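**Student:** Sharing a structure, written as structure tokens. Questions coming.
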Number of protein chains: 2
Amino acid sequence: MQKRLKINMSVKGQLLVISGPSGAGKGTVCKALLQQNDIWISVSATTRSPRVGEVEGINYFFVNRDEFLKRIDKDDFLEYAEVYGNFYGTPKSKVFEVLEQGRDVILEIDIQGALKIKSAYPEGIFIFILPPSMEELKSRITNRGSETPESLKTRLEAAYDEISFASKYDYAVVNDEVEDAVKKIESIITAEKCRVFKIKDELLGRY
Amino acid sequence: MQKRLKINMSVKGQLLVISGPSGAGKGTVCKALLQQNDIWISVSATTRSPRVGEVEGINYFFVNRDEFLKRIDKDDFLEYAEVYGNFYGTPKSKVFEVLEQGRDVILEIDIQGALKIKSAYPEGIFIFILPPSMEELKSRITNRGSETPESLKTRLEAAYDEISFASKYDYAVVNDEVEDAVKKIESIITAEKCRVFKIKDELLGRY
């Protein structure tokens with residue numbers, strides 16, 4: 001069970017939690033968002049072995065099982081999960097260090113992880129990236145060329161299930177054109193910085 | 001007492017309700033917003049006489065008292081108030097006609113009116129425009145040259161009182177530079193169109 005985080009009032013940055021079914025293009029959208037804005041993306045820790053081409057600190061922080069379990073005990077994960085015998089987790093201390101500096105942070109994370117973070121830190125901004133249509137999703141997954149008819153069917157069914165979770169998020173952004181989706185997320189970031197319930201103490205104290 | 005409006009699900013446009021103390025520059029911000037976006041601004045009806053330079057349908061719809069009272073009976077105002085013996089009201093039918101066409105609508109309105117609309121139509125987006133500081137507000141009001149020291153004092157005190165109502169709004173936008181304030185409001189409009197609770201039925205029905 002995740003603990004409810006104590007909110008440090010000095011946290012000025014915003015935590016953006018971004019999910020979506022595979023094929024929605026959330027990776028591409030996050031990459032473009034990072035290129036065009038001063039946002040920091042959180043890198044997960046995992047106990048699984050690096051795959052070919054994966055770089056420490058870019059794709060993951062690779063740690064051994066003992067180290068991971070120690071960090072669970074020290075409450076150093078915003079969320080973590082065990083999948084097929086490997087642990088995956090979002091390191092907490094670095095995320096809050098960056099947020100306290102006033103910089104926004106992105107977590108690109110699966111739905112289960114996002115929902116755990118939502119319980120622990122509802123102040124986050126939860127954004128769900130959607131494909132324009134199921135036909136487009138199918139065509140994007142097919143064009144990768146790496147799917148058999150069976151695995152395509154499985155992935156599309158998984159995508160259907162995942163899309164039903166969009167209703168648990170704050171915002172849904174349809175990724176028709178990447179630049180358009182990026183602009184929408186930038187607008188969400190700007191708008192959230194104007195939300196009265198977030199800023200009233202600091203803002204109204206000025207007058 | 002205002003009645004809670006029945007929401008017509010065909011309403012696709014967004015109602016932006018904009019208030020702020022005098023000197024915050026909400027008129028200038030609304031004007032720039034209208035010039036740069038396809039938004040319709042609602043014009044109030046009033047029973048007071050036109051002042052020099054005021055144009056029917058631009059500044060106000062000027063109606064007589066009988067006509068105004070009949071329209072109150074027909075429930076044709078989103079909100080109305082009597083101030084120094086004159087009635088002022090926001091015509092409802094035209095606002096919803098435009099919203100149903102999918103166009104966004106601005107109401108630039110005083111705080112009491114805005115709060116009445118919030119009870120009747122909480123789906124609206126309630127934005128409070130703030131001056132960068134009380135010093136700047138004082139300087140803006142003074143530079144108009146139309147204030148005596150007493151009236152300046154009264155207006156500044158009124159502005160203080162009004163600013164405390166910002167916490168009843170959804171968003172607060174500091175009008176430091178007009179273009180910057182306009183961009184923030186445009187971001188709020190874009191972000192609100194991505195809010196899951198507003199779009200989930202229509203959006204998730206697609207998949």
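Ligands are numbered from 1 in the order shown, chains are lettered A, B, ... in the order of the structure tokens, and residues start at 1 in each chain.
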Pull out every residue of chain A that has at least one atom within 6 Å of chain B, counting only C-alpha atoms, and report them as a list in words.
**Tutor:**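 Therefore, the residues near the partner are Met134, Asp170, Tyr171, Ala172, Ser187, Ile188, Ala191, Cys194, Arg195, Val196 and Tyr207 of chain A.
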**Student:** Among stretch 9-137 of chain B, which residues does DSSP mark as helix (DSSP H, G or I) when it is run on the backbone? Keep the chain and numbering as in the structure and answer as a ChimeraX atom specification.
**Tutor:** /B:26-36,65-73,92-100,111-120,134-137
**Student:** Based on the backbone DSSP call, show me all residues of chain A assigned strand (DSSP E or B), as a compact mmCIF listing (two decimals) with all heavy atoms, in the first residue's frame.
**Tutor:**
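The result, written out as result.txt:
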# COMPACT_ATOMS: atom_id res chain seq x y z
N LEU A 15 4.20 17.79 -11.15
CA LEU A 15 4.47 16.41 -11.55
C LEU A 15 3.44 15.99 -12.60
O LEU A 15 2.24 15.93 -12.31
CB LEU A 15 4.37 15.49 -10.32
CG LEU A 15 4.65 14.01 -10.58
CD1 LEU A 15 6.10 13.79 -11.01
CD2 LEU A 15 4.33 13.18 -9.35
N LEU A 16 3.92 15.72 -13.81
CA LEU A 16 3.03 15.27 -14.89
C LEU A 16 3.17 13.76 -15.04
O LEU A 16 4.27 13.26 -15.33
CB LEU A 16 3.45 15.89 -16.23
CG LEU A 16 2.92 17.28 -16.49
CD1 LEU A 16 3.83 18.30 -15.83
CD2 LEU A 16 2.84 17.54 -17.98
N VAL A 17 2.09 13.06 -14.85
CA VAL A 17 2.11 11.60 -14.97
C VAL A 17 1.41 11.25 -16.28
O VAL A 17 0.23 11.57 -16.46
CB VAL A 17 1.40 10.96 -13.76
CG1 VAL A 17 1.44 9.44 -13.89
CG2 VAL A 17 2.06 11.42 -12.46
N ILE A 18 2.17 10.66 -17.20
CA ILE A 18 1.66 10.42 -18.55
C ILE A 18 1.58 8.93 -18.85
O ILE A 18 2.57 8.21 -18.72
CB ILE A 18 2.54 11.15 -19.59
CG1 ILE A 18 2.48 12.67 -19.33
CG2 ILE A 18 2.10 10.82 -21.02
CD1 ILE A 18 3.19 13.53 -20.34
N SER A 19 0.38 8.47 -19.21
CA SER A 19 0.18 7.06 -19.58
C SER A 19 -0.59 6.99 -20.89
O SER A 19 -1.06 8.01 -21.41
CB SER A 19 -0.66 6.31 -18.53
OG SER A 19 -0.17 6.49 -17.24
N ILE A 39 11.71 20.68 -18.86
CA ILE A 39 11.05 19.67 -18.02
C ILE A 39 12.04 18.52 -17.84
O ILE A 39 12.81 18.22 -18.74
CB ILE A 39 9.77 19.12 -18.70
CG1 ILE A 39 8.81 20.26 -19.03
CG2 ILE A 39 9.08 18.09 -17.82
CD1 ILE A 39 7.52 19.80 -19.68
N TRP A 40 11.99 17.92 -16.67
CA TRP A 40 12.88 16.80 -16.36
C TRP A 40 12.09 15.52 -16.40
O TRP A 40 10.96 15.48 -15.90
CB TRP A 40 13.47 17.03 -14.97
CG TRP A 40 14.50 16.03 -14.54
CD1 TRP A 40 15.82 16.00 -14.89
CD2 TRP A 40 14.30 14.92 -13.66
NE1 TRP A 40 16.44 14.94 -14.28
CE2 TRP A 40 15.53 14.26 -13.53
CE3 TRP A 40 13.18 14.41 -12.97
CZ2 TRP A 40 15.70 13.12 -12.73
CZ3 TRP A 40 13.34 13.28 -12.19
CH2 TRP A 40 14.59 12.65 -12.07
N ILE A 41 12.63 14.47 -17.04
CA ILE A 41 11.90 13.20 -17.06
C ILE A 41 12.53 12.22 -16.07
O ILE A 41 13.75 12.10 -16.00
CB ILE A 41 11.80 12.59 -18.48
CG1 ILE A 41 10.80 11.42 -18.49
CG2 ILE A 41 13.16 12.16 -19.02
CD1 ILE A 41 10.25 11.08 -19.88
N ALA A 45 13.97 2.82 -11.80
CA ALA A 45 14.96 1.82 -11.40
C ALA A 45 14.38 0.43 -11.67
O ALA A 45 13.16 0.24 -11.59
CB ALA A 45 15.26 1.97 -9.91
N THR A 46 15.23 -0.50 -12.05
CA THR A 46 14.74 -1.87 -12.27
C THR A 46 15.82 -2.90 -11.88
O THR A 46 17.02 -2.60 -11.92
CB THR A 46 14.31 -2.12 -13.73
OG1 THR A 46 13.80 -3.45 -13.85
CG2 THR A 46 15.48 -1.98 -14.70
N GLU A 56 22.41 2.92 -18.91
CA GLU A 56 22.21 3.24 -17.49
C GLU A 56 21.91 4.73 -17.30
O GLU A 56 22.62 5.59 -17.82
CB GLU A 56 23.51 2.85 -16.73
CG GLU A 56 23.68 3.43 -15.34
CD GLU A 56 22.86 2.68 -14.28
OE1 GLU A 56 22.34 1.59 -14.58
OE2 GLU A 56 22.74 3.20 -13.15
N TYR A 60 17.00 3.17 -17.87
CA TYR A 60 16.71 2.74 -16.49
C TYR A 60 17.94 2.98 -15.63
O TYR A 60 19.06 3.10 -16.15
CB TYR A 60 16.39 1.23 -16.43
CG TYR A 60 15.05 0.85 -16.96
CD1 TYR A 60 14.91 0.35 -18.26
CD2 TYR A 60 13.89 0.99 -16.19
CE1 TYR A 60 13.66 0.01 -18.77
CE2 TYR A 60 12.64 0.63 -16.68
CZ TYR A 60 12.54 0.15 -17.97
OH TYR A 60 11.30 -0.18 -18.47
N PHE A 61 17.73 3.00 -14.33
CA PHE A 61 18.83 2.75 -13.39
C PHE A 61 18.78 1.26 -13.07
O PHE A 61 17.76 0.77 -12.56
CB PHE A 61 18.66 3.57 -12.12
CG PHE A 61 18.84 5.04 -12.35
CD1 PHE A 61 17.75 5.91 -12.33
CD2 PHE A 61 20.11 5.58 -12.59
CE1 PHE A 61 17.90 7.27 -12.55
CE2 PHE A 61 20.27 6.94 -12.81
CZ PHE A 61 19.18 7.78 -12.80
N PHE A 62 19.86 0.54 -13.42
CA PHE A 62 19.86 -0.91 -13.19
C PHE A 62 20.47 -1.19 -11.82
O PHE A 62 21.61 -0.79 -11.54
CB PHE A 62 20.66 -1.61 -14.30
CG PHE A 62 20.01 -1.42 -15.66
CD1 PHE A 62 20.46 -0.44 -16.54
CD2 PHE A 62 18.93 -2.20 -16.04
CE1 PHE A 62 19.85 -0.23 -17.77
CE2 PHE A 62 18.31 -2.01 -17.28
CZ PHE A 62 18.77 -1.03 -18.14
N PHE A 77 10.57 4.85 -3.06
CA PHE A 77 9.87 4.78 -4.35
C PHE A 77 8.51 5.45 -4.26
O PHE A 77 7.77 5.26 -3.31
CB PHE A 77 9.71 3.32 -4.80
CG PHE A 77 11.02 2.67 -5.17
CD1 PHE A 77 11.55 1.65 -4.38
CD2 PHE A 77 11.73 3.09 -6.29
CE1 PHE A 77 12.77 1.06 -4.72
CE2 PHE A 77 12.94 2.51 -6.63
CZ PHE A 77 13.47 1.49 -5.84
N LEU A 78 8.22 6.26 -5.28
CA LEU A 78 6.87 6.83 -5.40
C LEU A 78 5.89 5.70 -5.64
O LEU A 78 4.76 5.73 -5.16
CB LEU A 78 6.82 7.77 -6.60
CG LEU A 78 6.86 9.26 -6.34
CD1 LEU A 78 6.93 10.01 -7.66
CD2 LEU A 78 5.64 9.70 -5.56
N GLU A 79 6.29 4.72 -6.43
CA GLU A 79 5.53 3.50 -6.66
C GLU A 79 6.52 2.46 -7.14
O GLU A 79 7.56 2.80 -7.68
CB GLU A 79 4.40 3.69 -7.69
CG GLU A 79 4.84 4.18 -9.06
CD GLU A 79 5.45 3.10 -9.95
OE1 GLU A 79 4.99 1.95 -9.91
OE2 GLU A 79 6.41 3.42 -10.68
N TYR A 80 6.18 1.18 -6.93
CA TYR A 80 6.99 0.11 -7.51
C TYR A 80 6.11 -1.09 -7.76
O TYR A 80 4.98 -1.17 -7.23
CB TYR A 80 8.17 -0.27 -6.59
CG TYR A 80 7.73 -0.90 -5.30
CD1 TYR A 80 7.58 -2.29 -5.20
CD2 TYR A 80 7.46 -0.12 -4.18
CE1 TYR A 80 7.15 -2.86 -4.01
CE2 TYR A 80 7.04 -0.69 -3.00
CZ TYR A 80 6.88 -2.06 -2.92
OH TYR A 80 6.45 -2.62 -1.74
N ALA A 81 6.58 -2.00 -8.60
CA ALA A 81 5.81 -3.20 -8.90
C ALA A 81 6.78 -4.32 -9.26
O ALA A 81 7.91 -4.05 -9.70
CB ALA A 81 4.86 -2.94 -10.06
N GLU A 82 6.34 -5.54 -9.05
CA GLU A 82 7.12 -6.69 -9.49
C GLU A 82 6.40 -7.29 -10.69
O GLU A 82 5.21 -7.58 -10.63
CB GLU A 82 7.23 -7.73 -8.36
CG GLU A 82 8.32 -8.74 -8.63
CD GLU A 82 8.53 -9.71 -7.45
OE1 GLU A 82 7.81 -9.59 -6.44
OE2 GLU A 82 9.41 -10.59 -7.58
N VAL A 83 7.11 -7.40 -11.82
CA VAL A 83 6.52 -7.92 -13.05
C VAL A 83 7.40 -9.06 -13.55
O VAL A 83 8.59 -8.83 -13.82
CB VAL A 83 6.42 -6.82 -14.13
CG1 VAL A 83 5.75 -7.36 -15.39
CG2 VAL A 83 5.68 -5.60 -13.61
N ASN A 86 10.78 -9.38 -11.93
CA ASN A 86 11.66 -8.20 -11.86
C ASN A 86 10.93 -7.03 -11.22
O ASN A 86 9.74 -6.85 -11.44
CB ASN A 86 12.11 -7.78 -13.26
CG ASN A 86 13.02 -8.82 -13.91
OD1 ASN A 86 14.00 -9.25 -13.30
ND2 ASN A 86 12.67 -9.23 -15.11
N PHE A 87 11.69 -6.24 -10.45
CA PHE A 87 11.11 -5.04 -9.84
C PHE A 87 11.33 -3.82 -10.75
O PHE A 87 12.38 -3.71 -11.40
CB PHE A 87 11.78 -4.75 -8.50
CG PHE A 87 11.25 -5.60 -7.37
CD1 PHE A 87 12.02 -6.64 -6.84
CD2 PHE A 87 10.00 -5.34 -6.83
CE1 PHE A 87 11.53 -7.42 -5.80
CE2 PHE A 87 9.51 -6.11 -5.79
CZ PHE A 87 10.28 -7.15 -5.27
N TYR A 88 10.35 -2.96 -10.73
CA TYR A 88 10.43 -1.67 -11.42
C TYR A 88 9.92 -0.62 -10.43
O TYR A 88 8.91 -0.86 -9.77
CB TYR A 88 9.53 -1.62 -12.66
CG TYR A 88 9.91 -2.61 -13.73
CD1 TYR A 88 9.51 -3.94 -13.64
CD2 TYR A 88 10.66 -2.21 -14.82
CE1 TYR A 88 9.86 -4.86 -14.62
CE2 TYR A 88 11.01 -3.11 -15.82
CZ TYR A 88 10.61 -4.45 -15.70
OH TYR A 88 10.96 -5.34 -16.68
N GLY A 89 10.58 0.54 -10.34
CA GLY A 89 10.11 1.55 -9.40
C GLY A 89 10.49 2.96 -9.81
O GLY A 89 11.44 3.17 -10.58
N THR A 90 9.74 3.92 -9.30
CA THR A 90 10.01 5.34 -9.57
C THR A 90 10.69 5.95 -8.35
O THR A 90 10.06 6.09 -7.31
CB THR A 90 8.69 6.09 -9.84
OG1 THR A 90 8.00 5.45 -10.91
CG2 THR A 90 8.94 7.54 -10.19
N PRO A 91 11.99 6.30 -8.47
CA PRO A 91 12.72 6.85 -7.31
C PRO A 91 12.08 8.17 -6.86
O PRO A 91 11.81 9.04 -7.66
CB PRO A 91 14.12 7.10 -7.88
CG PRO A 91 14.22 6.25 -9.09
CD PRO A 91 12.85 6.20 -9.66
N ASP A 104 9.34 21.35 -13.64
CA ASP A 104 8.30 20.34 -13.82
C ASP A 104 8.95 18.99 -14.14
O ASP A 104 10.03 18.93 -14.71
CB ASP A 104 7.35 20.75 -14.94
CG ASP A 104 6.62 22.06 -14.63
OD1 ASP A 104 6.36 22.31 -13.43
OD2 ASP A 104 6.35 22.83 -15.56
N VAL A 105 8.27 17.93 -13.73
CA VAL A 105 8.79 16.57 -13.91
C VAL A 105 7.75 15.73 -14.64
O VAL A 105 6.56 15.79 -14.34
CB VAL A 105 9.09 15.92 -12.53
CG1 VAL A 105 9.45 14.44 -12.69
CG2 VAL A 105 10.21 16.67 -11.82
N ILE A 106 8.23 14.95 -15.63
CA ILE A 106 7.36 13.98 -16.30
C ILE A 106 7.65 12.58 -15.81
O ILE A 106 8.82 12.19 -15.67
CB ILE A 106 7.61 13.99 -17.83
CG1 ILE A 106 7.08 15.26 -18.45
CG2 ILE A 106 6.96 12.77 -18.51
CD1 ILE A 106 7.27 15.31 -19.95
N LEU A 107 6.62 11.83 -15.53
CA LEU A 107 6.73 10.38 -15.36
C LEU A 107 5.94 9.74 -16.50
O LEU A 107 4.73 9.93 -16.59
CB LEU A 107 6.10 9.90 -14.06
CG LEU A 107 6.65 10.38 -12.74
CD1 LEU A 107 5.87 9.71 -11.61
CD2 LEU A 107 8.12 10.03 -12.63
N GLU A 108 6.64 8.99 -17.36
CA GLU A 108 5.94 8.23 -18.38
C GLU A 108 5.81 6.83 -17.82
O GLU A 108 6.81 6.13 -17.61
CB GLU A 108 6.76 8.24 -19.68
CG GLU A 108 6.01 7.63 -20.84
CD GLU A 108 6.93 7.21 -21.97
OE1 GLU A 108 7.98 7.86 -22.20
OE2 GLU A 108 6.62 6.18 -22.60
N ILE A 125 -0.49 15.90 -12.08
CA ILE A 125 -1.40 16.14 -13.21
C ILE A 125 -1.38 14.85 -14.03
O ILE A 125 -0.33 14.48 -14.56
CB ILE A 125 -0.91 17.32 -14.05
CG1 ILE A 125 -0.77 18.57 -13.17
CG2 ILE A 125 -1.85 17.60 -15.21
CD1 ILE A 125 -0.01 19.70 -13.85
N PHE A 126 -2.51 14.20 -14.12
CA PHE A 126 -2.57 12.87 -14.72
C PHE A 126 -3.15 12.97 -16.12
O PHE A 126 -4.31 13.33 -16.31
CB PHE A 126 -3.36 11.92 -13.80
CG PHE A 126 -2.66 11.71 -12.49
CD1 PHE A 126 -2.75 12.65 -11.48
CD2 PHE A 126 -1.83 10.61 -12.29
CE1 PHE A 126 -2.03 12.51 -10.29
CE2 PHE A 126 -1.11 10.46 -11.10
CZ PHE A 126 -1.22 11.41 -10.11
N ILE A 127 -2.28 12.66 -17.10
CA ILE A 127 -2.64 12.85 -18.52
C ILE A 127 -2.62 11.50 -19.24
O ILE A 127 -1.65 10.75 -19.13
CB ILE A 127 -1.64 13.82 -19.21
CG1 ILE A 127 -1.65 15.18 -18.49
CG2 ILE A 127 -1.99 13.99 -20.69
CD1 ILE A 127 -0.61 16.17 -19.01
N PHE A 128 -3.68 11.23 -19.96
CA PHE A 128 -3.79 9.98 -20.71
C PHE A 128 -3.70 10.29 -22.19
O PHE A 128 -4.45 11.12 -22.71
CB PHE A 128 -5.14 9.31 -20.39
CG PHE A 128 -5.19 7.85 -20.71
CD1 PHE A 128 -4.77 6.92 -19.77
CD2 PHE A 128 -5.65 7.40 -21.94
CE1 PHE A 128 -4.81 5.55 -20.05
CE2 PHE A 128 -5.68 6.04 -22.23
CZ PHE A 128 -5.26 5.11 -21.28
N ILE A 129 -2.74 9.65 -22.88
CA ILE A 129 -2.57 9.88 -24.32
C ILE A 129 -3.37 8.81 -25.07
O ILE A 129 -3.22 7.61 -24.80
CB ILE A 129 -1.09 9.77 -24.74
CG1 ILE A 129 -0.19 10.66 -23.87
CG2 ILE A 129 -0.92 10.10 -26.23
CD1 ILE A 129 -0.26 12.11 -24.15
N LEU A 130 -4.18 9.25 -26.00
CA LEU A 130 -5.04 8.34 -26.76
C LEU A 130 -4.66 8.34 -28.24
O LEU A 130 -4.27 9.38 -28.78
CB LEU A 130 -6.49 8.79 -26.65
CG LEU A 130 -7.19 8.54 -25.31
CD1 LEU A 130 -8.42 9.42 -25.18
CD2 LEU A 130 -7.56 7.07 -25.17
N TYR A 171 -6.76 14.53 -17.49
CA TYR A 171 -6.84 15.03 -18.87
C TYR A 171 -6.64 13.88 -19.85
O TYR A 171 -5.90 12.94 -19.56
CB TYR A 171 -5.72 16.06 -19.13
CG TYR A 171 -5.84 17.32 -18.31
CD1 TYR A 171 -5.15 17.47 -17.12
CD2 TYR A 171 -6.64 18.38 -18.75
CE1 TYR A 171 -5.26 18.63 -16.36
CE2 TYR A 171 -6.76 19.54 -18.00
CZ TYR A 171 -6.06 19.66 -16.82
OH TYR A 171 -6.17 20.81 -16.07
N ALA A 172 -7.30 14.00 -21.01
CA ALA A 172 -7.07 13.05 -22.10
C ALA A 172 -6.65 13.86 -23.33
O ALA A 172 -7.29 14.86 -23.67
CB ALA A 172 -8.35 12.28 -22.40
N VAL A 173 -5.54 13.42 -23.93
CA VAL A 173 -5.03 14.12 -25.11
C VAL A 173 -4.97 13.12 -26.26
O VAL A 173 -4.30 12.09 -26.16
CB VAL A 173 -3.63 14.72 -24.83
CG1 VAL A 173 -3.00 15.25 -26.11
CG2 VAL A 173 -3.73 15.83 -23.78
N VAL A 174 -5.69 13.42 -27.34
CA VAL A 174 -5.65 12.56 -28.51
C VAL A 174 -4.40 12.90 -29.32
O VAL A 174 -4.19 14.05 -29.68
CB VAL A 174 -6.93 12.75 -29.37
CG1 VAL A 174 -6.84 11.93 -30.65
CG2 VAL A 174 -8.16 12.36 -28.57
N ARG A 195 -4.32 27.61 -11.61
CA ARG A 195 -5.47 27.10 -10.84
C ARG A 195 -5.45 27.68 -9.43
O ARG A 195 -4.50 27.53 -8.69
CB ARG A 195 -5.49 25.57 -10.84
CG ARG A 195 -6.12 25.08 -12.16
CD ARG A 195 -5.92 23.64 -12.36
NE ARG A 195 -6.75 22.85 -11.48
CZ ARG A 195 -8.01 22.49 -11.75
NH1 ARG A 195 -8.59 22.89 -12.86
NH2 ARG A 195 -8.68 21.74 -10.92
**Student:** Point out the residue among B:Cys30, B:Ala114, B:Val43, B:Ile72 with the least atom-to-atom distance to B:Gly57, counting only C-alpha atoms.
**Tutor:**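 Among the listed residues, B:Val43 lies closest to B:Gly57.
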**Student:** Excluding stretch 154-158 of chain B and residues on its chain fewer than 5 positions from it, collect all residues at most 9 Å away from it, counting only C-alpha atoms, and give them as a list in words.
**Tutor:**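 After dropping sequence-adjacent residues, the list is Pro21, Ser22, Met134, Leu137, Lys138, Ile141, Pro149 and Ile163 of chain B.
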**Student:** Using the selection just defined, write its residues with all heavy atoms as a PDB file, in the first residue's frame.
**Tutor:**
ATOM      1  N   PRO B  21     -10.828  43.119 -10.298  1.00  0.00           N
ATOM      2  CA  PRO B  21     -11.031  44.480  -9.798  1.00  0.00           C
ATOM      3  C   PRO B  21     -10.774  45.503 -10.900  1.00  0.00           C
ATOM      4  O   PRO B  21     -10.063  45.221 -11.860  1.00  0.00           O
ATOM      5  CB  PRO B  21      -9.972  44.611  -8.692  1.00  0.00           C
ATOM      6  CG  PRO B  21      -8.916  43.628  -9.042  1.00  0.00           C
ATOM      7  CD  PRO B  21      -9.623  42.490  -9.729  1.00  0.00           C
ATOM      8  N   SER B  22     -11.361  46.680 -10.749  1.00  0.00           N
ATOM      9  CA  SER B  22     -11.118  47.710 -11.763  1.00  0.00           C
ATOM     10  C   SER B  22      -9.640  48.089 -11.701  1.00  0.00           C
ATOM     11  O   SER B  22      -9.041  48.153 -10.626  1.00  0.00           O
ATOM     12  CB  SER B  22     -12.035  48.910 -11.542  1.00  0.00           C
ATOM     13  OG  SER B  22     -11.429  49.848 -10.702  1.00  0.00           O
ATOM     14  N   MET B 134      -0.515  45.740  -5.942  1.00  0.00           N
ATOM     15  CA  MET B 134      -1.380  46.854  -5.562  1.00  0.00           C
ATOM     16  C   MET B 134      -0.760  48.181  -6.002  1.00  0.00           C
ATOM     17  O   MET B 134      -1.478  49.118  -6.359  1.00  0.00           O
ATOM     18  CB  MET B 134      -1.641  46.854  -4.047  1.00  0.00           C
ATOM     19  CG  MET B 134      -2.588  45.765  -3.583  1.00  0.00           C
ATOM     20  SD  MET B 134      -4.136  45.573  -4.523  1.00  0.00           S
ATOM     21  CE  MET B 134      -5.123  46.951  -3.908  1.00  0.00           C
ATOM     22  N   LEU B 137      -1.655  48.579  -9.549  1.00  0.00           N
ATOM     23  CA  LEU B 137      -3.085  48.895  -9.650  1.00  0.00           C
ATOM     24  C   LEU B 137      -3.311  50.378  -9.349  1.00  0.00           C
ATOM     25  O   LEU B 137      -4.028  51.079 -10.059  1.00  0.00           O
ATOM     26  CB  LEU B 137      -3.885  48.029  -8.663  1.00  0.00           C
ATOM     27  CG  LEU B 137      -5.405  48.152  -8.755  1.00  0.00           C
ATOM     28  CD1 LEU B 137      -5.912  47.435 -10.003  1.00  0.00           C
ATOM     29  CD2 LEU B 137      -6.087  47.582  -7.523  1.00  0.00           C
ATOM     30  N   LYS B 138      -2.637  50.855  -8.282  1.00  0.00           N
ATOM     31  CA  LYS B 138      -2.761  52.261  -7.890  1.00  0.00           C
ATOM     32  C   LYS B 138      -2.284  53.173  -9.017  1.00  0.00           C
ATOM     33  O   LYS B 138      -2.941  54.146  -9.375  1.00  0.00           O
ATOM     34  CB  LYS B 138      -1.920  52.492  -6.624  1.00  0.00           C
ATOM     35  CG  LYS B 138      -2.141  53.812  -5.964  1.00  0.00           C
ATOM     36  CD  LYS B 138      -1.374  53.875  -4.653  1.00  0.00           C
ATOM     37  CE  LYS B 138      -1.397  55.275  -4.073  1.00  0.00           C
ATOM     38  NZ  LYS B 138      -0.639  55.352  -2.810  1.00  0.00           N
ATOM     39  N   ILE B 141      -4.821  53.157 -11.938  1.00  0.00           N
ATOM     40  CA  ILE B 141      -6.023  53.955 -11.659  1.00  0.00           C
ATOM     41  C   ILE B 141      -5.678  55.448 -11.644  1.00  0.00           C
ATOM     42  O   ILE B 141      -6.401  56.279 -12.206  1.00  0.00           O
ATOM     43  CB  ILE B 141      -6.686  53.522 -10.325  1.00  0.00           C
ATOM     44  CG1 ILE B 141      -7.183  52.061 -10.432  1.00  0.00           C
ATOM     45  CG2 ILE B 141      -7.860  54.428  -9.986  1.00  0.00           C
ATOM     46  CD1 ILE B 141      -7.782  51.500  -9.147  1.00  0.00           C
ATOM     47  N   PRO B 149      -8.239  62.193  -4.628  1.00  0.00           N
ATOM     48  CA  PRO B 149      -7.599  61.342  -3.611  1.00  0.00           C
ATOM     49  C   PRO B 149      -8.620  60.457  -2.876  1.00  0.00           C
ATOM     50  O   PRO B 149      -8.343  59.301  -2.596  1.00  0.00           O
ATOM     51  CB  PRO B 149      -6.960  62.352  -2.654  1.00  0.00           C
ATOM     52  CG  PRO B 149      -6.713  63.556  -3.504  1.00  0.00           C
ATOM     53  CD  PRO B 149      -7.830  63.598  -4.506  1.00  0.00           C
ATOM     54  N   ILE B 163     -10.348  41.402  -4.564  1.00  0.00           N
ATOM     55  CA  ILE B 163      -9.289  40.410  -4.773  1.00  0.00           C
ATOM     56  C   ILE B 163      -9.487  39.196  -3.854  1.00  0.00           C
ATOM     57  O   ILE B 163      -9.180  38.067  -4.226  1.00  0.00           O
ATOM     58  CB  ILE B 163      -7.892  41.060  -4.604  1.00  0.00           C
ATOM     59  CG1 ILE B 163      -7.595  41.909  -5.851  1.00  0.00           C
ATOM     60  CG2 ILE B 163      -6.795  40.014  -4.385  1.00  0.00           C
ATOM     61  CD1 ILE B 163      -6.362  42.786  -5.745  1.00  0.00           C
TER      62      ILE B 163
END
